[in-house]
file query.tsv (TSV, C-alpha atoms)
chain	number	residue	atom	x	y	z
Y	1	LEU	CA	0.00	0.00	0.00
Y	2	ARG	CA	1.10	3.53	-0.75
Y	3	PRO	CA	0.36	6.49	1.51
Y	4	ASP	CA	-1.30	8.40	-1.35
Y	5	VAL	CA	-3.95	5.68	-1.86
Y	6	ALA	CA	-7.21	6.52	-0.08
Y	7	ALA	CA	-9.52	3.93	-1.64
Y	8	PHE	CA	-9.77	1.30	-4.30
Y	9	ALA	CA	-12.36	-0.69	-6.19
Y	10	ILE	CA	-12.32	-4.41	-6.79
Y	11	SER	CA	-14.18	-5.44	-9.94
Y	12	THR	CA	-15.33	-9.05	-9.97
Y	13	ARG	CA	-18.20	-11.42	-10.48
Y	14	PRO	CA	-20.67	-12.00	-7.64
Y	15	ASP	CA	-19.90	-15.72	-7.61
Y	16	CYS	CA	-16.22	-14.99	-6.90
Y	17	ILE	CA	-16.72	-13.37	-3.49
Y	18	GLU	CA	-14.97	-15.56	-0.92
Y	19	GLU	CA	-15.35	-15.09	2.82
Y	20	GLU	CA	-11.60	-15.35	3.46
Y	21	HIS	CA	-10.95	-12.54	0.97
Y	22	LEU	CA	-13.56	-10.33	2.62
Y	23	VAL	CA	-12.00	-10.90	6.05
Y	24	PHE	CA	-8.53	-10.10	4.69
Y	25	LEU	CA	-9.76	-6.93	2.98
Y	26	LYS	CA	-11.68	-5.76	6.05
Y	27	ASP	CA	-8.52	-6.08	8.12
Y	28	LEU	CA	-6.51	-4.26	5.44
Y	29	SER	CA	-9.12	-1.50	5.24
Y	30	GLU	CA	-9.31	-0.97	8.99
Y	31	LYS	CA	-5.53	-1.05	9.57
Y	32	ASN	CA	-4.82	1.39	6.75
Y	33	GLY	CA	-7.92	3.59	6.66
Y	34	ILE	CA	-8.60	2.65	3.05
Y	35	GLY	CA	-12.10	2.55	1.62
Y	36	ILE	CA	-12.99	-0.42	-0.55
Y	37	THR	CA	-15.81	-0.70	-3.06
Y	38	PHE	CA	-16.72	-3.92	-4.82
Y	39	GLU	CA	-17.88	-3.58	-8.42
Y	40	LEU	CA	-20.11	-6.54	-9.23
Y	41	GLY	CA	-21.41	-7.44	-12.66
Y	42	LEU	CA	-25.11	-8.17	-12.27
Y	43	GLN	CA	-26.12	-7.07	-15.80
Y	44	THR	CA	-29.83	-7.87	-15.23
Y	45	ALA	CA	-32.14	-9.13	-12.52
Y	46	ASN	CA	-33.77	-11.44	-15.07
Y	47	TYR	CA	-32.33	-14.85	-14.21
Y	48	HIS	CA	-33.63	-16.29	-17.49
Y	49	THR	CA	-31.53	-13.75	-19.39
Y	50	LEU	CA	-28.51	-14.44	-17.16
Y	51	TYR	CA	-28.79	-18.11	-18.10
Y	52	ALA	CA	-29.38	-17.37	-21.80
Y	53	ILE	CA	-26.25	-15.20	-22.06
Y	54	ASN	CA	-24.20	-17.85	-20.23
Y	55	ARG	CA	-23.36	-15.47	-17.41
Y	56	GLY	CA	-22.39	-18.34	-15.12
Y	57	HIS	CA	-24.30	-17.04	-12.09
Y	58	GLY	CA	-27.86	-16.19	-11.22
Y	59	LEU	CA	-29.58	-13.42	-9.33
Y	60	ALA	CA	-29.25	-15.29	-6.01
Y	61	ALA	CA	-25.44	-15.22	-6.26
Y	62	PHE	CA	-25.56	-11.44	-6.69
Y	63	ILE	CA	-27.91	-10.97	-3.73
Y	64	ASP	CA	-25.74	-13.20	-1.54
Y	65	ALA	CA	-22.54	-11.36	-2.53
Y	66	VAL	CA	-24.05	-7.93	-1.84
Y	67	GLN	CA	-25.28	-9.00	1.59
Y	68	ARG	CA	-21.90	-10.47	2.56
Y	69	ILE	CA	-20.01	-7.43	1.26
Y	70	HIS	CA	-22.30	-5.07	3.17
Y	71	GLN	CA	-21.89	-7.13	6.36
Y	72	MET	CA	-18.18	-6.36	6.15
Y	73	GLY	CA	-18.89	-2.65	5.81
Y	74	PHE	CA	-17.88	-2.28	2.17
Y	75	GLN	CA	-19.81	-0.53	-0.57
Y	76	VAL	CA	-21.11	-2.11	-3.79
Y	77	CYS	CA	-21.24	-0.74	-7.31
Y	78	ALA	CA	-23.44	-2.83	-9.62
Y	79	HIS	CA	-22.86	-3.04	-13.36
Y	80	VAL	CA	-26.08	-3.25	-15.38
Y	81	ILE	CA	-26.79	-3.72	-19.09
Y	82	LEU	CA	-30.23	-2.40	-20.04
Y	83	ASN	CA	-30.43	-3.76	-23.60
Y	84	LEU	CA	-29.73	-7.46	-23.26
Y	85	PRO	CA	-31.59	-9.63	-25.79
Y	86	GLY	CA	-34.74	-10.97	-24.17
Y	87	ASP	CA	-34.94	-8.26	-21.51
Y	88	THR	CA	-37.81	-5.78	-21.48
Y	89	GLU	CA	-38.63	-2.49	-19.81
Y	90	VAL	CA	-40.06	-4.55	-16.93
Y	91	ASP	CA	-36.60	-6.06	-16.38
Y	92	SER	CA	-35.07	-2.57	-16.24
Y	93	VAL	CA	-37.56	-1.58	-13.53
Y	94	GLU	CA	-37.11	-4.84	-11.60
Y	95	THR	CA	-33.32	-4.54	-11.71
Y	96	ALA	CA	-33.51	-1.00	-10.29
Y	97	ARG	CA	-35.91	-2.09	-7.57
Y	98	ILE	CA	-33.73	-5.04	-6.53
Y	99	LEU	CA	-30.63	-2.83	-6.38
Y	100	SER	CA	-32.63	-0.35	-4.29
Y	101	ALA	CA	-33.92	-3.05	-1.93
Y	102	LEU	CA	-30.34	-4.26	-1.45
Y	103	GLN	CA	-29.23	-0.65	-0.86
Y	104	VAL	CA	-26.49	-0.91	-3.46
Y	105	GLU	CA	-24.60	2.36	-3.15
Y	106	GLN	CA	-23.48	2.87	-6.76
Y	107	VAL	CA	-24.38	1.73	-10.27
Y	108	LYS	CA	-22.75	1.81	-13.70
Y	109	LEU	CA	-24.98	1.36	-16.72
Y	110	HIS	CA	-23.70	-0.13	-19.94
Y	111	ALA	CA	-25.22	-0.75	-23.33
Y	112	LEU	CA	-24.54	-4.19	-24.73
Y	113	TYR	CA	-21.82	-4.34	-27.34
Y	114	LEU	CA	-21.27	-7.35	-29.54
Y	115	MET	CA	-17.88	-8.64	-30.59
Y	116	LYS	CA	-16.94	-10.76	-33.59
Y	117	ASN	CA	-16.20	-14.44	-32.97
Y	118	THR	CA	-18.51	-14.71	-29.94
Y	119	ARG	CA	-21.73	-16.68	-29.60
Y	120	MET	CA	-23.83	-13.55	-29.27
Y	121	GLY	CA	-21.97	-11.91	-32.14
Y	122	GLU	CA	-22.65	-14.89	-34.36
Y	123	ALA	CA	-26.33	-14.93	-33.35
Y	124	TYR	CA	-26.53	-11.20	-34.16
Y	125	GLU	CA	-24.94	-11.74	-37.58
Y	126	LYS	CA	-27.44	-14.53	-38.32
Y	127	GLY	CA	-30.35	-12.27	-37.30
Y	128	GLU	CA	-31.22	-14.50	-34.34
Y	129	ILE	CA	-31.06	-11.61	-31.89
Y	130	GLN	CA	-32.17	-8.03	-32.43
Y	131	MET	CA	-30.88	-4.94	-30.69
Y	132	ILE	CA	-33.29	-2.33	-29.37
Y	133	THR	CA	-33.12	1.21	-30.76
Y	134	VAL	CA	-31.22	3.98	-29.04
Y	135	GLU	CA	-34.59	5.61	-28.24
Y	136	GLU	CA	-35.72	2.40	-26.52
Y	137	TYR	CA	-32.45	2.32	-24.58
Y	138	ILE	CA	-33.00	5.91	-23.42
Y	139	ASP	CA	-36.53	4.98	-22.29
Y	140	ARG	CA	-35.11	2.05	-20.31
Y	141	VAL	CA	-32.49	4.28	-18.69
Y	142	ILE	CA	-35.22	6.71	-17.63
Y	143	LEU	CA	-37.38	3.90	-16.20
Y	144	PHE	CA	-34.36	2.45	-14.41
Y	145	LEU	CA	-33.48	5.81	-12.84
Y	146	GLU	CA	-37.08	6.50	-11.85
Y	147	ASN	CA	-37.12	3.23	-9.90
Y	148	LEU	CA	-33.68	3.51	-8.33
Y	149	ARG	CA	-33.52	4.86	-4.80
Y	150	PRO	CA	-32.37	8.49	-4.90
Y	151	GLU	CA	-29.36	7.85	-2.63
Y	152	THR	CA	-27.73	5.60	-5.22
Y	153	VAL	CA	-24.77	7.17	-7.03
Y	154	VAL	CA	-24.98	6.72	-10.80
Y	155	GLN	CA	-21.43	6.61	-12.10
Y	156	ARG	CA	-22.22	6.05	-15.77
Y	157	LEU	CA	-25.25	5.99	-18.09
Y	158	ILE	CA	-23.56	4.25	-21.01
Y	159	GLY	CA	-20.16	2.68	-21.56
Y	160	ARG	CA	-18.00	2.73	-24.65
Y	161	ALA	CA	-16.34	-0.32	-26.13
Y	162	PRO	CA	-13.59	-0.33	-28.74
Y	163	GLU	CA	-14.91	-0.49	-32.29
Y	164	THR	CA	-12.10	-2.81	-33.39
Y	165	GLY	CA	-13.46	-6.32	-33.63
Y	166	SER	CA	-16.98	-5.26	-32.75
Y	167	LEU	CA	-20.25	-5.82	-34.56
Y	168	PHE	CA	-22.44	-3.48	-32.51
Y	169	VAL	CA	-21.38	-0.60	-30.26
Y	170	ASN	CA	-23.75	2.09	-28.95
Y	171	TRP	CA	-25.74	2.35	-32.17
Y	172	GLY	CA	-22.67	3.74	-33.92
Y	173	MET	CA	-22.71	6.84	-31.70
Y	174	SER	CA	-19.92	8.25	-29.57
call {"tool": "encode", "arguments": {"input": "query.tsv", "output": "structure tokens"}}
result
Amino acid sequence: LRPDVAAFAISTRPDCIEEEHLVFLKDLSEKNGIGITFELGLQTANYHTLYAINRGHGLAAFIDAVQRIHQMGFQVCAHVILNLPGDTEVDSVETARILSALQVEQVKLHALYLMKNTRMGEAYEKGEIQMITVEEYIDRVILFLENLRPETVVQRLIGRAPETGSLFVNWGMS
């Protein structure tokens, strides 16, 4: 640790939160006065979508991870994708409400981007999955924000992926 470090974020999957790591980090945080935030990729509260995109974890794993992280006194930043194939506006609302019920402190929104040579990319190229319009994405962001508790910090409304090797990125907009 360096004296000029006041805090750091650990980005991981909710199914990778181990009790021994939390105990170690709590000790580190308390001994050094360093704040720690865990960034967890939820993506959606729709467990059917999580399964369909081969996420490797379900909603329960996210809920469990948030509860254990909060018990240790750490904050959580959830990553959410509001335009996953199969998700609807209802899923955007439900995701916001679950994050609010769990009192997740921060959120980062992303739009789905599709890369070449991936299963989703191949399905997109074959026309098996359709992307919503940018206007529909904006509507979902608004619904999400309207259903998120006001104390939640919104760090980002849309992310940007590299265009190299991609098939779909933010509707071709910067």
call {"tool": "atom_distance", "arguments": {"input": "query.tsv", "atom1": "CA of Gly165 in chain Y", "atom2": "CA of Lys126 in chain Y"}}
result
16.9 Å
call {"tool": "atom_distance", "arguments": {"input": "query.tsv", "atom1": "CA of Ile10 in chain Y", "atom2": "CA of Asp27 in chain Y"}}
result
15.5 Å
call {"tool": "residues_around", "arguments": {"input": "query.tsv", "residues": "range 131-138 of chain Y", "least_positions_apart": "3", "cutoff": "12 Å", "atoms": "all atoms listed in the file", "output": "number ranges by chain"}}
result
Y: 81-89, 92, 109-114, 120-121, 123-125, 127-128, 141-145, 157-158, 167-173
call {"tool": "atom_distance", "arguments": {"input": "query.tsv", "atom1": "CA of Asp91 in chain Y", "atom2": "CA of His70 in chain Y"}}
result
24.2 Å
call {"tool": "closest_residue", "arguments": {"input": "query.tsv", "among": "Y:Leu42, Y:Ile69, Y:Ala78, Y:Leu22", "to": "Val154 in chain Y", "atoms": "only C-alpha atoms"}}
result
Y:Ala78
call {"tool": "closest_residue", "arguments": {"input": "query.tsv", "among": "Y:Asp15, Y:Glu122, Y:Glu163, Y:Glu151", "to": "Ala61 in chain Y", "atoms": "all atoms listed in the file"}}
result
Y:Asp15
call {"tool": "closest_residue", "arguments": {"input": "query.tsv", "among": "Y:Val107, Y:Ala6, Y:Ile98, Y:Gly56", "to": "Glu30 in chain Y", "atoms": "all atoms listed in the file"}}
result
Y:Ala6
call {"tool": "residues_around", "arguments": {"input": "query.tsv", "residues": "Gln155 in chain Y", "least_positions_apart": "2", "cutoff": "7 Å", "atoms": "all atoms listed in the file", "output": "list of chain:residue names"}}
result
Y:Gln106, Y:Val107, Y:Lys108, Y:Val153
call {"tool": "closest_residue", "arguments": {"input": "query.tsv", "among": "Y:Val5, Y:Arg13, Y:Lys116, Y:Ser174", "to": "Ile63 in chain Y", "atoms": "all atoms listed in the file"}}
result
Y:Arg13
call {"tool": "residues_around", "arguments": {"input": "query.tsv", "residues": "Pro14 in chain Y", "least_positions_apart": "6", "cutoff": "7 Å", "atoms": "only C-alpha atoms", "output": "ChimeraX atom specification"}}
result
/Y:40-41,61-62,65
call {"tool": "write_last_selection", "arguments": {"input": "query.tsv", "atoms": "C-alpha atoms", "output": "PDB file, in the frame of the given file"}}
result
ATOM      1  CA  LEU Y  40     -20.110  -6.540  -9.230  1.00  0.00           C
ATOM      2  CA  GLY Y  41     -21.410  -7.440 -12.660  1.00  0.00           C
ATOM      3  CA  ALA Y  61     -25.440 -15.220  -6.260  1.00  0.00           C
ATOM      4  CA  PHE Y  62     -25.560 -11.440  -6.690  1.00  0.00           C
ATOM      5  CA  ALA Y  65     -22.540 -11.360  -2.530  1.00  0.00           C
TER       6      ALA Y  65
END
call {"tool": "closest_residue", "arguments": {"input": "query.tsv", "among": "Y:Ala45, Y:Ala52, Y:Val104, Y:Val66", "to": "Cys16 in chain Y", "atoms": "only C-alpha atoms"}}
result
Y:Val66
call {"tool": "closest_residue", "arguments": {"input": "query.tsv", "among": "Y:Ile17, Y:Asn117, Y:Thr164, Y:Glu146", "to": "Gln67 in chain Y", "atoms": "all atoms listed in the file"}}
result
Y:Ile17
call {"tool": "axis_aligned_box", "arguments": {"input": "query.tsv", "around": "range 149-155 of chain Y", "padding_each_side": "5 Å", "output": "AutoDock Vina command-line options"}}
result
--center_x -27.5 --center_y 6.7 --center_z -7.4 --size_x 22.1 --size_y 13.6 --size_z 19.5
call {"tool": "residues_around", "arguments": {"input": "query.tsv", "residues": "Thr44 in chain Y", "least_positions_apart": "5", "cutoff": "7 Å", "atoms": "only C-alpha atoms", "output": "ChimeraX atom specification"}}
result
/Y:50,80-81,95
call {"tool": "decode", "arguments": {"input": "query.tsv", "residues": "range 74-86 of chain Y", "atoms": "all heavy atoms", "output": "PDB file, in the first residue's frame"}}
result
ATOM      1  N   PHE Y  74     -18.329  -2.801   3.453  1.00  0.00           N
ATOM      2  CA  PHE Y  74     -17.882  -2.280   2.165  1.00  0.00           C
ATOM      3  C   PHE Y  74     -19.072  -1.818   1.336  1.00  0.00           C
ATOM      4  O   PHE Y  74     -20.202  -2.247   1.560  1.00  0.00           O
ATOM      5  CB  PHE Y  74     -17.114  -3.353   1.379  1.00  0.00           C
ATOM      6  CG  PHE Y  74     -15.894  -3.873   2.074  1.00  0.00           C
ATOM      7  CD1 PHE Y  74     -15.732  -5.232   2.265  1.00  0.00           C
ATOM      8  CD2 PHE Y  74     -14.899  -3.021   2.531  1.00  0.00           C
ATOM      9  CE1 PHE Y  74     -14.615  -5.736   2.890  1.00  0.00           C
ATOM     10  CE2 PHE Y  74     -13.771  -3.515   3.164  1.00  0.00           C
ATOM     11  CZ  PHE Y  74     -13.624  -4.876   3.348  1.00  0.00           C
ATOM     12  N   GLN Y  75     -18.784  -0.975   0.358  1.00  0.00           N
ATOM     13  CA  GLN Y  75     -19.811  -0.530  -0.575  1.00  0.00           C
ATOM     14  C   GLN Y  75     -19.824  -1.409  -1.825  1.00  0.00           C
ATOM     15  O   GLN Y  75     -18.833  -2.091  -2.130  1.00  0.00           O
ATOM     16  CB  GLN Y  75     -19.576   0.925  -0.982  1.00  0.00           C
ATOM     17  CG  GLN Y  75     -19.843   1.893   0.143  1.00  0.00           C
ATOM     18  CD  GLN Y  75     -19.987   3.313  -0.359  1.00  0.00           C
ATOM     19  OE1 GLN Y  75     -19.998   3.600  -1.552  1.00  0.00           O
ATOM     20  NE2 GLN Y  75     -20.121   4.241   0.582  1.00  0.00           N
ATOM     21  N   VAL Y  76     -20.949  -1.339  -2.554  1.00  0.00           N
ATOM     22  CA  VAL Y  76     -21.111  -2.111  -3.785  1.00  0.00           C
ATOM     23  C   VAL Y  76     -21.503  -1.173  -4.920  1.00  0.00           C
ATOM     24  O   VAL Y  76     -22.347  -0.296  -4.752  1.00  0.00           O
ATOM     25  CB  VAL Y  76     -22.198  -3.198  -3.628  1.00  0.00           C
ATOM     26  CG1 VAL Y  76     -22.470  -3.900  -4.954  1.00  0.00           C
ATOM     27  CG2 VAL Y  76     -21.799  -4.203  -2.566  1.00  0.00           C
ATOM     28  N   CYS Y  77     -20.869  -1.388  -6.063  1.00  0.00           N
ATOM     29  CA  CYS Y  77     -21.240  -0.737  -7.309  1.00  0.00           C
ATOM     30  C   CYS Y  77     -21.683  -1.846  -8.255  1.00  0.00           C
ATOM     31  O   CYS Y  77     -20.903  -2.757  -8.546  1.00  0.00           O
ATOM     32  CB  CYS Y  77     -20.069   0.035  -7.901  1.00  0.00           C
ATOM     33  SG  CYS Y  77     -20.425   0.762  -9.518  1.00  0.00           S
ATOM     34  N   ALA Y  78     -22.919  -1.798  -8.720  1.00  0.00           N
ATOM     35  CA  ALA Y  78     -23.441  -2.832  -9.619  1.00  0.00           C
ATOM     36  C   ALA Y  78     -23.325  -2.378 -11.066  1.00  0.00           C
ATOM     37  O   ALA Y  78     -23.627  -1.229 -11.393  1.00  0.00           O
ATOM     38  CB  ALA Y  78     -24.896  -3.127  -9.288  1.00  0.00           C
ATOM     39  N   HIS Y  79     -22.889  -3.293 -11.925  1.00  0.00           N
ATOM     40  CA  HIS Y  79     -22.855  -3.039 -13.361  1.00  0.00           C
ATOM     41  C   HIS Y  79     -24.116  -3.637 -13.976  1.00  0.00           C
ATOM     42  O   HIS Y  79     -24.454  -4.787 -13.710  1.00  0.00           O
ATOM     43  CB  HIS Y  79     -21.612  -3.668 -13.987  1.00  0.00           C
ATOM     44  CG  HIS Y  79     -20.351  -2.962 -13.623  1.00  0.00           C
ATOM     45  ND1 HIS Y  79     -19.489  -2.469 -14.570  1.00  0.00           N
ATOM     46  CD2 HIS Y  79     -19.797  -2.661 -12.415  1.00  0.00           C
ATOM     47  CE1 HIS Y  79     -18.461  -1.894 -13.959  1.00  0.00           C
ATOM     48  NE2 HIS Y  79     -18.633  -2.001 -12.652  1.00  0.00           N
ATOM     49  N   VAL Y  80     -24.794  -2.847 -14.804  1.00  0.00           N
ATOM     50  CA  VAL Y  80     -26.076  -3.246 -15.377  1.00  0.00           C
ATOM     51  C   VAL Y  80     -26.079  -2.951 -16.875  1.00  0.00           C
ATOM     52  O   VAL Y  80     -25.621  -1.893 -17.303  1.00  0.00           O
ATOM     53  CB  VAL Y  80     -27.238  -2.481 -14.692  1.00  0.00           C
ATOM     54  CG1 VAL Y  80     -28.571  -2.785 -15.355  1.00  0.00           C
ATOM     55  CG2 VAL Y  80     -27.290  -2.804 -13.199  1.00  0.00           C
ATOM     56  N   ILE Y  81     -26.596  -3.892 -17.653  1.00  0.00           N
ATOM     57  CA  ILE Y  81     -26.789  -3.717 -19.094  1.00  0.00           C
ATOM     58  C   ILE Y  81     -28.294  -3.675 -19.342  1.00  0.00           C
ATOM     59  O   ILE Y  81     -28.998  -4.635 -19.035  1.00  0.00           O
ATOM     60  CB  ILE Y  81     -26.140  -4.867 -19.898  1.00  0.00           C
ATOM     61  CG1 ILE Y  81     -24.637  -4.905 -19.644  1.00  0.00           C
ATOM     62  CG2 ILE Y  81     -26.441  -4.708 -21.389  1.00  0.00           C
ATOM     63  CD1 ILE Y  81     -23.939  -6.098 -20.284  1.00  0.00           C
ATOM     64  N   LEU Y  82     -28.783  -2.588 -19.896  1.00  0.00           N
ATOM     65  CA  LEU Y  82     -30.226  -2.403 -20.041  1.00  0.00           C
ATOM     66  C   LEU Y  82     -30.772  -2.826 -21.402  1.00  0.00           C
ATOM     67  O   LEU Y  82     -31.967  -2.684 -21.650  1.00  0.00           O
ATOM     68  CB  LEU Y  82     -30.603  -0.941 -19.773  1.00  0.00           C
ATOM     69  CG  LEU Y  82     -30.394  -0.467 -18.331  1.00  0.00           C
ATOM     70  CD1 LEU Y  82     -30.738   1.011 -18.207  1.00  0.00           C
ATOM     71  CD2 LEU Y  82     -31.228  -1.296 -17.365  1.00  0.00           C
ATOM     72  N   ASN Y  83     -29.926  -3.350 -22.284  1.00  0.00           N
ATOM     73  CA  ASN Y  83     -30.428  -3.759 -23.595  1.00  0.00           C
ATOM     74  C   ASN Y  83     -30.013  -5.184 -23.959  1.00  0.00           C
ATOM     75  O   ASN Y  83     -29.706  -5.482 -25.104  1.00  0.00           O
ATOM     76  CB  ASN Y  83     -29.991  -2.772 -24.680  1.00  0.00           C
ATOM     77  CG  ASN Y  83     -28.478  -2.735 -24.899  1.00  0.00           C
ATOM     78  OD1 ASN Y  83     -27.710  -2.848 -23.949  1.00  0.00           O
ATOM     79  ND2 ASN Y  83     -28.066  -2.551 -26.133  1.00  0.00           N
ATOM     80  N   LEU Y  84     -30.047  -6.055 -22.974  1.00  0.00           N
ATOM     81  CA  LEU Y  84     -29.734  -7.456 -23.256  1.00  0.00           C
ATOM     82  C   LEU Y  84     -30.866  -8.092 -24.053  1.00  0.00           C
ATOM     83  O   LEU Y  84     -32.050  -7.833 -23.786  1.00  0.00           O
ATOM     84  CB  LEU Y  84     -29.526  -8.226 -21.956  1.00  0.00           C
ATOM     85  CG  LEU Y  84     -28.204  -7.945 -21.252  1.00  0.00           C
ATOM     86  CD1 LEU Y  84     -28.244  -8.467 -19.826  1.00  0.00           C
ATOM     87  CD2 LEU Y  84     -27.046  -8.554 -22.025  1.00  0.00           C
ATOM     88  N   PRO Y  85     -30.542  -8.936 -25.034  1.00  0.00           N
ATOM     89  CA  PRO Y  85     -31.590  -9.628 -25.790  1.00  0.00           C
ATOM     90  C   PRO Y  85     -32.480 -10.435 -24.840  1.00  0.00           C
ATOM     91  O   PRO Y  85     -31.995 -11.141 -23.966  1.00  0.00           O
ATOM     92  CB  PRO Y  85     -30.804 -10.561 -26.720  1.00  0.00           C
ATOM     93  CG  PRO Y  85     -29.459  -9.929 -26.831  1.00  0.00           C
ATOM     94  CD  PRO Y  85     -29.198  -9.270 -25.504  1.00  0.00           C
ATOM     95  N   GLY Y  86     -33.783 -10.273 -25.017  1.00  0.00           N
ATOM     96  CA  GLY Y  86     -34.742 -10.969 -24.172  1.00  0.00           C
ATOM     97  C   GLY Y  86     -35.238 -10.146 -23.004  1.00  0.00           C
ATOM     98  O   GLY Y  86     -36.297 -10.427 -22.449  1.00  0.00           O
TER      99      GLY Y  86
END
